[in-house]
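Below: entry-v2.csv (CSV, C-alpha atoms)
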chain,number,residue,atom,x,y,z
U,30,MET,CA,-50.1,-188.0,140.2
U,31,LYS,CA,-50.0,-184.3,141.3
U,32,LYS,CA,-51.4,-181.8,138.8
U,33,VAL,CA,-48.9,-179.5,137.4
U,34,VAL,CA,-50.0,-176.1,136.1
U,35,MET,CA,-47.7,-173.2,135.3
U,36,TYR,CA,-47.9,-169.6,134.3
U,37,THR,CA,-45.1,-168.6,132.0
U,38,LEU,CA,-43.9,-165.9,129.6
U,39,SER,CA,-43.1,-166.6,125.9
U,40,THR,CA,-40.0,-164.4,126.3
U,41,CYS,CA,-38.5,-166.1,129.3
U,42,PRO,CA,-35.8,-168.7,129.0
U,43,TRP,CA,-36.4,-170.0,132.5
U,44,CYS,CA,-40.0,-170.8,131.6
U,45,MET,CA,-38.8,-172.7,128.6
U,46,ARG,CA,-36.4,-174.7,130.9
U,47,ALA,CA,-39.2,-175.4,133.3
U,48,LYS,CA,-41.4,-176.8,130.5
U,49,LYS,CA,-38.5,-178.9,129.2
U,50,PHE,CA,-38.0,-180.3,132.7
U,51,PHE,CA,-41.5,-181.7,132.9
U,52,ARG,CA,-41.6,-182.8,129.3
U,53,GLU,CA,-38.3,-184.8,129.7
U,54,LYS,CA,-39.8,-186.5,132.7
U,55,ASP,CA,-43.0,-187.3,130.8
U,56,ILE,CA,-45.0,-185.4,133.4
U,57,PRO,CA,-48.1,-183.9,131.9
U,58,PHE,CA,-48.6,-180.2,132.6
U,59,GLU,CA,-50.8,-177.3,131.6
U,60,TYR,CA,-49.4,-173.8,131.0
U,61,ILE,CA,-50.6,-170.4,130.1
U,62,ASP,CA,-48.2,-167.7,128.6
U,63,TYR,CA,-49.2,-164.6,130.5
U,64,ASP,CA,-48.0,-162.3,127.7
U,65,LYS,CA,-50.1,-164.1,125.1
U,66,ALA,CA,-53.3,-164.5,127.2
U,67,ASP,CA,-56.4,-162.4,127.0
U,68,GLU,CA,-57.2,-159.6,129.4
U,69,GLY,CA,-59.4,-161.7,131.7
U,70,THR,CA,-56.9,-164.5,132.0
U,71,ARG,CA,-54.2,-162.0,132.7
U,72,ARG,CA,-56.1,-160.5,135.5
U,73,SER,CA,-56.8,-163.9,137.1
U,74,ILE,CA,-53.2,-164.9,136.8
U,75,ARG,CA,-52.2,-161.7,138.5
U,76,GLU,CA,-54.7,-162.2,141.3
U,77,ASP,CA,-53.4,-165.8,141.8
U,78,CYS,CA,-49.8,-164.6,142.0
U,79,LEU,CA,-50.7,-161.9,144.5
U,80,ALA,CA,-52.8,-164.3,146.5
U,81,HIS,CA,-49.7,-166.5,147.0
U,82,GLY,CA,-47.8,-163.5,148.2
U,83,GLU,CA,-45.7,-163.3,145.0
U,84,GLU,CA,-45.1,-160.8,142.3
U,85,MET,CA,-45.6,-161.7,138.7
U,86,SER,CA,-42.2,-163.3,138.4
U,87,PHE,CA,-42.1,-166.2,136.0
U,88,PRO,CA,-42.2,-169.2,135.8
U,89,PHE,CA,-44.9,-169.6,138.4
U,90,VAL,CA,-45.2,-173.4,138.9
U,91,LYS,CA,-48.0,-175.1,140.8
U,92,ILE,CA,-47.4,-178.7,141.7
U,93,GLY,CA,-50.5,-180.1,143.5
U,94,GLU,CA,-51.1,-177.6,146.3
U,95,ASP,CA,-47.6,-176.2,146.3
U,96,VAL,CA,-46.1,-173.3,144.4
U,97,VAL,CA,-42.6,-172.8,143.1
U,98,VAL,CA,-41.7,-169.4,141.7
U,99,GLY,CA,-38.6,-169.6,139.4
U,100,TYR,CA,-36.7,-172.4,137.7
U,101,ASN,CA,-35.8,-174.8,140.4
U,102,PRO,CA,-35.5,-178.5,139.3
U,103,GLN,CA,-34.5,-179.7,142.8
U,104,LYS,CA,-37.7,-178.3,144.2
U,105,TYR,CA,-39.8,-179.5,141.4
U,106,SER,CA,-38.4,-183.1,141.9
U,107,SER,CA,-38.9,-183.1,145.6
U,108,LEU,CA,-42.5,-181.9,145.4
U,109,LEU,CA,-43.2,-184.5,142.7
U,110,ASP,CA,-41.7,-187.3,144.9
U,111,GLN,CA,-43.7,-186.3,148.0
G,940,MET,CA,-8.1,-122.1,136.5
G,941,ALA,CA,-11.6,-123.7,136.5
G,942,PRO,CA,-13.1,-123.7,133.0
G,943,TRP,CA,-16.2,-121.5,133.6
G,944,PHE,CA,-18.4,-121.1,130.6
G,945,PHE,CA,-21.2,-118.5,130.1
G,946,ALA,CA,-24.6,-120.2,130.0
G,947,ILE,CA,-27.4,-117.7,129.9
G,948,ALA,CA,-28.4,-114.4,131.5
G,949,GLU,CA,-30.0,-114.8,134.9
G,950,ASN,CA,-33.3,-113.3,133.8
G,951,GLU,CA,-33.7,-115.8,131.0
G,952,LEU,CA,-34.6,-118.6,133.5
G,953,ASP,CA,-37.6,-118.3,135.9
G,954,GLU,CA,-37.8,-120.0,139.3
G,955,GLY,CA,-38.8,-123.7,139.0
G,956,GLU,CA,-38.0,-123.7,135.3
G,957,LYS,CA,-35.4,-125.6,133.2
G,958,LYS,CA,-33.6,-125.0,130.0
G,959,PRO,CA,-31.5,-127.3,127.8
G,960,LEU,CA,-28.2,-125.8,126.6
G,961,LEU,CA,-25.2,-126.9,124.5
G,962,ILE,CA,-22.0,-125.9,126.2
G,963,GLU,CA,-18.6,-126.9,124.7
G,964,GLY,CA,-20.5,-129.6,122.8
G,965,ASP,CA,-22.0,-131.1,125.9
G,966,LYS,CA,-25.8,-131.3,126.3
G,967,LEU,CA,-26.6,-129.6,129.6
G,968,LEU,CA,-29.8,-128.9,131.5
G,969,LEU,CA,-29.8,-125.7,133.5
G,970,LEU,CA,-32.4,-125.4,136.3
G,971,ARG,CA,-33.5,-122.8,138.8
G,972,GLN,CA,-34.9,-123.9,142.1
G,973,GLY,CA,-35.1,-122.3,145.5
G,974,GLY,CA,-33.4,-119.2,144.1
G,975,ASP,CA,-30.3,-121.2,143.0
G,976,PHE,CA,-29.1,-122.4,139.7
G,977,TYR,CA,-28.2,-126.0,139.0
G,978,ALA,CA,-26.6,-127.6,135.9
G,979,ILE,CA,-26.7,-131.3,135.1
G,980,SER,CA,-26.1,-133.4,132.0
G,981,ASN,CA,-29.3,-133.4,129.9
G,982,LYS,CA,-28.8,-137.1,129.2
G,983,CYS,CA,-30.4,-139.7,131.5
G,984,PRO,CA,-27.7,-142.2,132.6
G,985,HIS,CA,-30.1,-145.0,131.9
G,986,MET,CA,-30.8,-144.7,128.2
G,987,ASP,CA,-29.7,-141.2,127.2
G,988,CYS,CA,-33.2,-139.7,127.2
G,989,PRO,CA,-33.4,-135.9,127.4
G,990,LEU,CA,-34.2,-134.8,131.0
G,991,SER,CA,-35.3,-131.4,129.6
G,992,LYS,CA,-38.5,-133.2,128.5
G,993,GLY,CA,-39.0,-134.5,132.1
G,994,THR,CA,-40.8,-133.0,135.0
G,995,LEU,CA,-39.2,-131.0,137.8
G,996,ASN,CA,-40.7,-131.4,141.3
G,997,GLY,CA,-38.8,-129.6,144.0
G,998,TYR,CA,-35.2,-130.7,143.6
G,999,VAL,CA,-36.2,-133.9,141.8
G,1000,ILE,CA,-36.2,-134.3,138.1
G,1001,GLN,CA,-38.1,-137.2,136.6
G,1002,CYS,CA,-36.9,-138.7,133.2
G,1003,PRO,CA,-39.7,-138.7,130.6
G,1004,CYS,CA,-38.8,-142.1,129.3
G,1005,HIS,CA,-38.8,-144.5,132.3
G,1006,ASP,CA,-39.5,-142.2,135.3
G,1007,TRP,CA,-36.0,-142.5,136.8
G,1008,GLN,CA,-35.7,-139.7,139.4
G,1009,PHE,CA,-32.6,-137.6,140.1
G,1010,ASP,CA,-31.7,-135.0,142.7
G,1011,ILE,CA,-30.6,-131.9,140.7
G,1012,ARG,CA,-28.2,-130.8,143.4
G,1013,SER,CA,-26.0,-133.9,143.5
G,1014,GLY,CA,-27.1,-135.7,140.3
G,1015,GLU,CA,-27.9,-138.8,142.4
G,1016,PHE,CA,-30.5,-141.3,141.2
G,1017,LEU,CA,-33.0,-141.6,144.0
G,1018,ASN,CA,-33.2,-145.5,143.9
G,1019,ALA,CA,-29.4,-146.1,143.8
G,1020,GLU,CA,-27.1,-143.3,144.7
G,1021,GLU,CA,-24.2,-145.0,143.0
G,1022,ILE,CA,-25.8,-144.0,139.7
G,1023,LYS,CA,-25.5,-140.3,138.9
G,1024,VAL,CA,-26.3,-137.9,136.2
G,1025,PRO,CA,-23.2,-135.6,135.9
G,1026,ALA,CA,-23.8,-132.4,137.9
G,1027,TYR,CA,-21.8,-129.2,137.4
G,1028,GLU,CA,-21.0,-126.3,139.6
G,1029,THR,CA,-22.7,-122.9,138.7
G,1030,LYS,CA,-22.1,-119.3,139.6
G,1031,VAL,CA,-23.8,-116.0,139.0
G,1032,ALA,CA,-21.8,-112.9,138.2
G,1033,ASP,CA,-23.2,-109.6,136.9
G,1034,GLY,CA,-26.6,-111.1,136.1
G,1035,LYS,CA,-25.0,-113.9,134.1
G,1036,ILE,CA,-24.9,-117.6,134.9
G,1037,TYR,CA,-21.7,-119.6,134.4
G,1038,VAL,CA,-21.1,-123.3,134.5
G,1039,ASN,CA,-17.9,-125.0,135.6
G,1040,MET,CA,-17.4,-127.8,133.0
G,1041,GLU,CA,-14.8,-129.5,135.1
G,1042,ARG,CA,-16.3,-132.2,137.3
O,799,MET,CA,-33.6,-150.7,113.5
O,800,ASP,CA,-31.6,-153.8,113.0
O,801,THR,CA,-32.1,-156.1,116.0
O,802,LYS,CA,-28.4,-157.0,116.4
O,803,LYS,CA,-27.4,-153.4,116.3
O,804,ARG,CA,-30.0,-152.4,119.0
O,805,MET,CA,-28.8,-155.3,121.1
O,806,GLY,CA,-25.3,-153.9,121.0
O,807,GLN,CA,-26.6,-150.4,121.9
O,808,LEU,CA,-28.6,-151.7,124.9
O,809,ARG,CA,-25.5,-153.7,126.0
O,810,THR,CA,-23.4,-150.5,126.0
O,811,MET,CA,-26.0,-148.4,127.8
O,812,PHE,CA,-26.8,-151.0,130.4
O,813,GLN,CA,-23.2,-151.8,131.2
O,814,ARG,CA,-22.8,-148.2,132.4
O,815,VAL,CA,-25.8,-148.6,134.7
O,816,ILE,CA,-25.0,-152.0,136.2
O,817,ASP,CA,-21.2,-151.5,136.8
O,818,PRO,CA,-21.5,-149.0,139.7
O,819,LEU,CA,-24.1,-151.4,141.3
O,820,GLY,CA,-21.7,-154.3,141.4
O,821,TYR,CA,-23.1,-156.3,138.6
O,822,LYS,CA,-21.8,-157.5,135.3
O,823,PHE,CA,-23.4,-159.3,132.3
O,824,SER,CA,-23.8,-163.0,132.9
O,825,PRO,CA,-20.8,-165.0,131.6
O,826,ASP,CA,-23.4,-167.2,129.9
O,827,GLU,CA,-23.2,-165.5,126.5
O,828,GLU,CA,-25.9,-167.6,124.9
O,829,LEU,CA,-28.4,-166.6,127.7
O,830,VAL,CA,-27.3,-162.9,127.4
O,831,ASP,CA,-27.9,-162.9,123.6
O,832,PHE,CA,-31.3,-164.5,124.0
O,833,LEU,CA,-32.5,-162.1,126.7
O,834,LEU,CA,-31.2,-159.0,124.9
O,835,GLU,CA,-33.0,-160.2,121.7
O,836,GLN,CA,-36.2,-160.5,123.7
O,837,GLU,CA,-35.7,-157.0,125.2
O,838,VAL,CA,-35.3,-155.5,121.7
O,839,THR,CA,-38.6,-157.2,120.6
O,840,LEU,CA,-40.3,-156.0,123.8
O,841,GLU,CA,-39.0,-152.5,123.1
O,842,LYS,CA,-40.4,-152.6,119.6
O,843,GLU,CA,-43.8,-153.9,120.7
O,844,LYS,CA,-44.3,-152.2,124.1
O,845,GLY,CA,-42.0,-149.2,123.9
O,846,SER,CA,-39.4,-150.2,126.5
O,847,PRO,CA,-36.9,-153.0,126.9
O,848,PHE,CA,-38.8,-154.7,129.7
O,849,CYS,CA,-37.6,-157.7,131.7
O,850,PRO,CA,-38.4,-160.9,129.7
O,851,CYS,CA,-39.3,-162.8,132.8
O,852,GLN,CA,-41.6,-160.5,134.8
O,853,GLY,CA,-45.2,-159.7,134.0
O,854,LEU,CA,-46.4,-156.3,132.9
O,855,THR,CA,-49.8,-155.0,134.1
O,856,GLY,CA,-50.2,-151.9,132.0
O,857,GLU,CA,-50.0,-149.7,135.0
O,858,ARG,CA,-47.1,-147.3,134.4
O,859,GLU,CA,-45.8,-147.1,138.0
O,860,HIS,CA,-45.6,-150.9,138.1
O,861,ASP,CA,-44.2,-151.5,134.7
O,862,MET,CA,-41.5,-148.8,134.8
O,863,GLN,CA,-39.9,-150.7,137.6
O,864,LEU,CA,-39.4,-153.7,135.2
O,865,VAL,CA,-37.5,-151.8,132.5
O,866,CYS,CA,-34.0,-153.3,132.2
O,867,PRO,CA,-31.8,-153.0,134.2
O,868,CYS,CA,-34.4,-153.2,136.9
O,869,ILE,CA,-31.8,-153.9,139.7
O,870,PRO,CA,-32.3,-150.5,141.4
O,871,PHE,CA,-35.9,-151.3,142.1
O,872,HIS,CA,-35.3,-154.9,143.4
O,873,ARG,CA,-31.8,-154.4,144.9
O,874,GLU,CA,-32.0,-156.4,148.1
O,875,HIS,CA,-33.8,-159.3,146.5
O,876,PHE,CA,-31.4,-159.5,143.6
O,877,ASP,CA,-28.3,-159.1,145.9
O,878,ALA,CA,-29.6,-162.1,147.9
O,879,MET,CA,-29.6,-164.2,144.7
O,880,LYS,CA,-26.4,-162.6,143.3
O,881,ARG,CA,-28.3,-162.2,140.0
O,882,CYS,CA,-31.3,-160.4,138.6
O,883,TRP,CA,-34.5,-162.3,138.1
O,884,CYS,CA,-34.0,-163.1,134.4
O,885,GLY,CA,-30.3,-163.8,134.9
O,886,LEU,CA,-29.0,-161.2,132.4
O,887,TYR,CA,-26.9,-159.7,135.2
O,888,VAL,CA,-24.9,-161.4,138.0
O,889,HIS,CA,-22.7,-160.1,140.8
O,890,LYS,CA,-19.2,-159.3,139.6
O,891,ASP,CA,-17.7,-162.2,141.6
O,892,VAL,CA,-19.9,-164.9,140.0
O,893,ASP,CA,-18.0,-167.2,137.6
O,894,ASP,CA,-20.6,-169.9,137.2
O,895,PRO,CA,-24.1,-168.5,136.9
O,896,ASP,CA,-25.6,-172.0,136.8
O,897,GLU,CA,-24.9,-172.4,140.5
O,898,LEU,CA,-27.2,-169.5,141.3
O,899,VAL,CA,-30.8,-170.3,142.2
O,900,GLN,CA,-33.9,-168.1,141.7
O,901,ILE,CA,-35.4,-167.2,145.1
O,902,SER,CA,-39.0,-165.9,144.9
O,903,LYS,CA,-39.9,-162.5,146.4
O,904,LYS,CA,-41.9,-164.3,149.2
O,905,GLU,CA,-39.0,-166.6,150.1
O,906,PHE,CA,-36.6,-163.7,150.1
O,907,GLU,CA,-38.9,-161.7,152.5
O,908,ALA,CA,-39.3,-164.7,154.7
O,909,SER,CA,-35.6,-165.3,154.9
O,910,ARG,CA,-35.0,-161.6,155.7
O,911,LYS,CA,-37.5,-161.8,158.6
O,912,ARG,CA,-35.7,-164.9,160.0
O,913,SER,CA,-32.2,-163.2,160.0
Mind turning the file's structure into structure tokens?
Amino acid sequence: MKKVVMYTLSTCPWCMRAKKFFREKDIPFEYIDYDKADEGTRRSIREDCLAHGEEMSFPFVKIGEDVVVGYNPQKYSSLLDQ
Amino acid sequence: MAPWFFAIAENELDEGEKKPLLIEGDKLLLLRQGGDFYAISNKCPHMDCPLSKGTLNGYVIQCPCHDWQFDIRSGEFLNAEEIKVPAYETKVADGKIYVNMER
Amino acid sequence: MDTKKRMGQLRTMFQRVIDPLGYKFSPDEELVDFLLEQEVTLEKEKGSPFCPCQGLTGEREHDMQLVCPCIPFHREHFDAMKRCWCGLYVHKDVDDPDELVQISKKEFEASRKRS
């Protein structure tokens, strides 16, 4: 199964929906709330977002090697099925 | 007849300076730039912050709260011209500055 | 200040800003309430009602462009989605906000290059 990791904000409803999506499908995932993280973690999240050509818009969802920025259940599903 | 109101004497405002005023109950900001006088509302259209506490750079005033920038000649917000801080006409007569409160 | 009261004040002030830009508050009232409440908390903690769905860096120039309504600083990107990133605002002609999809900055720029 592809590894799912996401960067989220504790204040963002779309991040909550993204977590709910994977939870309801019983797909294990890891997440870090950017706004609750320590300085070093925040810096590495920022660098990771920029390295993917994105701004720090959340949720930032990594499914295997792919990245989806934003709440997009169709994209999540198709990447999980691939 | 246009409702012109006396603001201040011409010699009370130096070039490149700004001064908050209350005219007819409205909070205004009078500015002098390039030898001319400009009058705009002193309230930023974003969150009502006092522009008098901001910084004037050429014809651009920057709000102290969130750095929104406006052209003092037209009142236009530089990032979206549809948003304006109200701008009023001014005139100088006998060393006194008057503001036209009708927009 | 009371959170509900401040939410009402933000709503009144922001309505004036978004209207001339062609946007309105999302018809999803529950979402609007949630987002405004987050903004009031962010304002209390960080000094400004920042977007609840975009990350702050602590650099003033960057962060000031994320103060709500941040539409003027992301206009073309948001216009392409017909909504702002967090969904607090949608284009005036949008009746069903759930039909709108978030397009990332990178996707938006790629689509702009293609057209």
| request: Please provide as a PyMOL selection string all residues within 9 Å of region 105-110 of chain U, with the sequence filter that same-chain residues fewer than 3 positions apart are discarded (counting only C-alpha atoms). | output: chain U and resi 30-31+50-51+90+92-93+95+97+100-102
| request: Find the residue from U:Glu84, U:Tyr36, U:Arg52, U:Glu94 that sits nearest to Lys65 (chain U); use only C-alpha atoms when measuring. | output: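 Checking each candidate against Lys65 (chain U), we get U:Tyr36 as the closest.
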| Taking (-29.1, -163.4, 129.8) in the file's coordinates as the center, which residues reach within 12 Å of it, counting all atoms listed in the file, put as number ranges by chain? | U: 40-43; O: 805, 809, 822-837, 849-851, 866-867, 881-888, 895-896
| Using all atoms listed in the file, which of U:Gly69, U:Leu38, U:Val96, U:Lys49 sits nearest His81 (chain U)? |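 When distances to His81 (chain U) are compared using all atoms listed in the file, the smallest one comes from U:Val96.
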| said: To one decimal place in Å, what is the distance between CA of Glu1028 (chain G) and CA of His1005 (chain G)? | reply: 26.5 Å
| said: Set the cut-off to 7 Å and count all atoms listed in the file: what are the residues of chain O that reach chain U? Output as a PyMOL selection string. | reply: chain O and resi 836+850-853+899-904
| message | For a test of reading the model, state the distance in Å between CA of Ser909 (chain O) and CA of His872 (chain O), rounded to one decimal. | response |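 These two atoms are separated by 15.5 Å.
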| query | Any idea which chain O residues end up within 10 Å of chain G if we count only C-alpha atoms, as a ChimeraX atom specification please? | reply | /O:807-808,810-820,845-846,858-859,861-867,869-873
| query | Counting all atoms listed in the file, which of G:Gly973, G:Ile1011, G:Leu990, G:Ala978 gets nearest to Phe944 (chain G)? | reply |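 Comparing G:Gly973, G:Ile1011, G:Leu990, G:Ala978 against Phe944 (chain G), the winner is G:Ala978.
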| Atom pair CA of Gln972 (chain G) / CA of Glu954 (chain G): separation (Å) |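 It comes out at 5.6 Å.
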Reconstruct N, CA and C atoms of region 60-92 of chain U from the incomplete input and present them as a PDB file, keeping the file's coordinate frame.
ATOM      1  N   TYR U  60     -50.008-175.126 130.784  1.00  0.00           N
ATOM      2  CA  TYR U  60     -49.400-173.800 131.000  1.00  0.00           C
ATOM      3  C   TYR U  60     -50.129-172.738 130.266  1.00  0.00           C
ATOM      4  N   ILE U  61     -49.983-171.524 130.791  1.00  0.00           N
ATOM      5  CA  ILE U  61     -50.600-170.400 130.100  1.00  0.00           C
ATOM      6  C   ILE U  61     -49.438-169.323 129.984  1.00  0.00           C
ATOM      7  N   ASP U  62     -49.185-168.851 128.779  1.00  0.00           N
ATOM      8  CA  ASP U  62     -48.200-167.700 128.600  1.00  0.00           C
ATOM      9  C   ASP U  62     -48.980-166.458 128.940  1.00  0.00           C
ATOM     10  N   TYR U  63     -48.584-165.839 130.043  1.00  0.00           N
ATOM     11  CA  TYR U  63     -49.200-164.600 130.500  1.00  0.00           C
ATOM     12  C   TYR U  63     -49.268-163.524 129.445  1.00  0.00           C
ATOM     13  N   ASP U  64     -48.134-163.382 128.727  1.00  0.00           N
ATOM     14  CA  ASP U  64     -48.000-162.300 127.700  1.00  0.00           C
ATOM     15  C   ASP U  64     -48.882-162.552 126.491  1.00  0.00           C
ATOM     16  N   LYS U  65     -49.318-163.802 126.306  1.00  0.00           N
ATOM     17  CA  LYS U  65     -50.100-164.100 125.100  1.00  0.00           C
ATOM     18  C   LYS U  65     -51.609-164.277 125.489  1.00  0.00           C
ATOM     19  N   ALA U  66     -51.909-164.195 126.779  1.00  0.00           N
ATOM     20  CA  ALA U  66     -53.300-164.500 127.200  1.00  0.00           C
ATOM     21  C   ALA U  66     -54.186-163.240 127.075  1.00  0.00           C
ATOM     22  N   ASP U  67     -55.504-163.499 127.105  1.00  0.00           N
ATOM     23  CA  ASP U  67     -56.400-162.400 127.000  1.00  0.00           C
ATOM     24  C   ASP U  67     -56.547-161.647 128.326  1.00  0.00           C
ATOM     25  N   GLU U  68     -57.147-160.474 128.268  1.00  0.00           N
ATOM     26  CA  GLU U  68     -57.200-159.600 129.400  1.00  0.00           C
ATOM     27  C   GLU U  68     -57.755-160.265 130.698  1.00  0.00           C
ATOM     28  N   GLY U  69     -58.851-161.005 130.565  1.00  0.00           N
ATOM     29  CA  GLY U  69     -59.400-161.700 131.700  1.00  0.00           C
ATOM     30  C   GLY U  69     -58.513-162.691 132.344  1.00  0.00           C
ATOM     31  N   THR U  70     -57.875-163.497 131.496  1.00  0.00           N
ATOM     32  CA  THR U  70     -56.900-164.500 132.000  1.00  0.00           C
ATOM     33  C   THR U  70     -55.750-163.845 132.682  1.00  0.00           C
ATOM     34  N   ARG U  71     -55.275-162.769 132.068  1.00  0.00           N
ATOM     35  CA  ARG U  71     -54.200-162.000 132.700  1.00  0.00           C
ATOM     36  C   ARG U  71     -54.507-161.559 134.067  1.00  0.00           C
ATOM     37  N   ARG U  72     -55.721-161.028 134.198  1.00  0.00           N
ATOM     38  CA  ARG U  72     -56.100-160.500 135.500  1.00  0.00           C
ATOM     39  C   ARG U  72     -56.195-161.642 136.531  1.00  0.00           C
ATOM     40  N   SER U  73     -56.715-162.794 136.118  1.00  0.00           N
ATOM     41  CA  SER U  73     -56.800-163.900 137.100  1.00  0.00           C
ATOM     42  C   SER U  73     -55.446-164.446 137.461  1.00  0.00           C
ATOM     43  N   ILE U  74     -54.515-164.440 136.505  1.00  0.00           N
ATOM     44  CA  ILE U  74     -53.200-164.900 136.800  1.00  0.00           C
ATOM     45  C   ILE U  74     -52.528-163.948 137.843  1.00  0.00           C
ATOM     46  N   ARG U  75     -52.722-162.649 137.596  1.00  0.00           N
ATOM     47  CA  ARG U  75     -52.200-161.700 138.500  1.00  0.00           C
ATOM     48  C   ARG U  75     -52.710-161.850 139.929  1.00  0.00           C
ATOM     49  N   GLU U  76     -54.031-162.040 139.993  1.00  0.00           N
ATOM     50  CA  GLU U  76     -54.700-162.200 141.300  1.00  0.00           C
ATOM     51  C   GLU U  76     -54.141-163.484 141.989  1.00  0.00           C
ATOM     52  N   ASP U  77     -53.937-164.536 141.204  1.00  0.00           N
ATOM     53  CA  ASP U  77     -53.400-165.800 141.800  1.00  0.00           C
ATOM     54  C   ASP U  77     -52.008-165.595 142.318  1.00  0.00           C
ATOM     55  N   CYS U  78     -51.157-164.897 141.572  1.00  0.00           N
ATOM     56  CA  CYS U  78     -49.800-164.600 142.000  1.00  0.00           C
ATOM     57  C   CYS U  78     -49.816-163.837 143.332  1.00  0.00           C
ATOM     58  N   LEU U  79     -50.620-162.772 143.349  1.00  0.00           N
ATOM     59  CA  LEU U  79     -50.700-161.900 144.500  1.00  0.00           C
ATOM     60  C   LEU U  79     -51.272-162.696 145.727  1.00  0.00           C
ATOM     61  N   ALA U  80     -52.248-163.560 145.458  1.00  0.00           N
ATOM     62  CA  ALA U  80     -52.800-164.300 146.500  1.00  0.00           C
ATOM     63  C   ALA U  80     -51.815-165.266 147.192  1.00  0.00           C
ATOM     64  N   HIS U  81     -50.806-165.667 146.423  1.00  0.00           N
ATOM     65  CA  HIS U  81     -49.700-166.500 147.000  1.00  0.00           C
ATOM     66  C   HIS U  81     -48.604-165.661 147.555  1.00  0.00           C
ATOM     67  N   GLY U  82     -48.832-164.345 147.635  1.00  0.00           N
ATOM     68  CA  GLY U  82     -47.800-163.500 148.200  1.00  0.00           C
ATOM     69  C   GLY U  82     -46.635-163.223 147.287  1.00  0.00           C
ATOM     70  N   GLU U  83     -46.834-163.475 145.997  1.00  0.00           N
ATOM     71  CA  GLU U  83     -45.700-163.300 145.000  1.00  0.00           C
ATOM     72  C   GLU U  83     -46.035-162.174 144.061  1.00  0.00           C
ATOM     73  N   GLU U  84     -44.951-161.701 143.418  1.00  0.00           N
ATOM     74  CA  GLU U  84     -45.100-160.800 142.300  1.00  0.00           C
ATOM     75  C   GLU U  84     -45.257-161.597 141.055  1.00  0.00           C
ATOM     76  N   MET U  85     -45.454-160.922 139.917  1.00  0.00           N
ATOM     77  CA  MET U  85     -45.600-161.700 138.700  1.00  0.00           C
ATOM     78  C   MET U  85     -44.185-161.999 138.108  1.00  0.00           C
ATOM     79  N   SER U  86     -43.453-162.853 138.842  1.00  0.00           N
ATOM     80  CA  SER U  86     -42.200-163.300 138.400  1.00  0.00           C
ATOM     81  C   SER U  86     -42.376-164.719 137.836  1.00  0.00           C
ATOM     82  N   PHE U  87     -41.867-164.963 136.634  1.00  0.00           N
ATOM     83  CA  PHE U  87     -42.100-166.200 136.000  1.00  0.00           C
ATOM     84  C   PHE U  87     -40.866-167.074 135.847  1.00  0.00           C
ATOM     85  N   PRO U  88     -40.959-168.411 135.771  1.00  0.00           N
ATOM     86  CA  PRO U  88     -42.200-169.200 135.800  1.00  0.00           C
ATOM     87  C   PRO U  88     -42.788-169.326 137.185  1.00  0.00           C
ATOM     88  N   PHE U  89     -44.117-169.460 137.199  1.00  0.00           N
ATOM     89  CA  PHE U  89     -44.900-169.600 138.400  1.00  0.00           C
ATOM     90  C   PHE U  89     -45.461-171.058 138.301  1.00  0.00           C
ATOM     91  N   VAL U  90     -44.908-171.993 139.066  1.00  0.00           N
ATOM     92  CA  VAL U  90     -45.200-173.400 138.900  1.00  0.00           C
ATOM     93  C   VAL U  90     -46.029-173.966 140.042  1.00  0.00           C
ATOM     94  N   LYS U  91     -47.196-174.504 139.734  1.00  0.00           N
ATOM     95  CA  LYS U  91     -48.000-175.100 140.800  1.00  0.00           C
ATOM     96  C   LYS U  91     -47.900-176.638 140.645  1.00  0.00           C
ATOM     97  N   ILE U  92     -47.461-177.271 141.739  1.00  0.00           N
ATOM     98  CA  ILE U  92     -47.400-178.700 141.700  1.00  0.00           C
ATOM     99  C   ILE U  92     -48.308-179.197 142.862  1.00  0.00           C
TER     100      ILE U  92
END
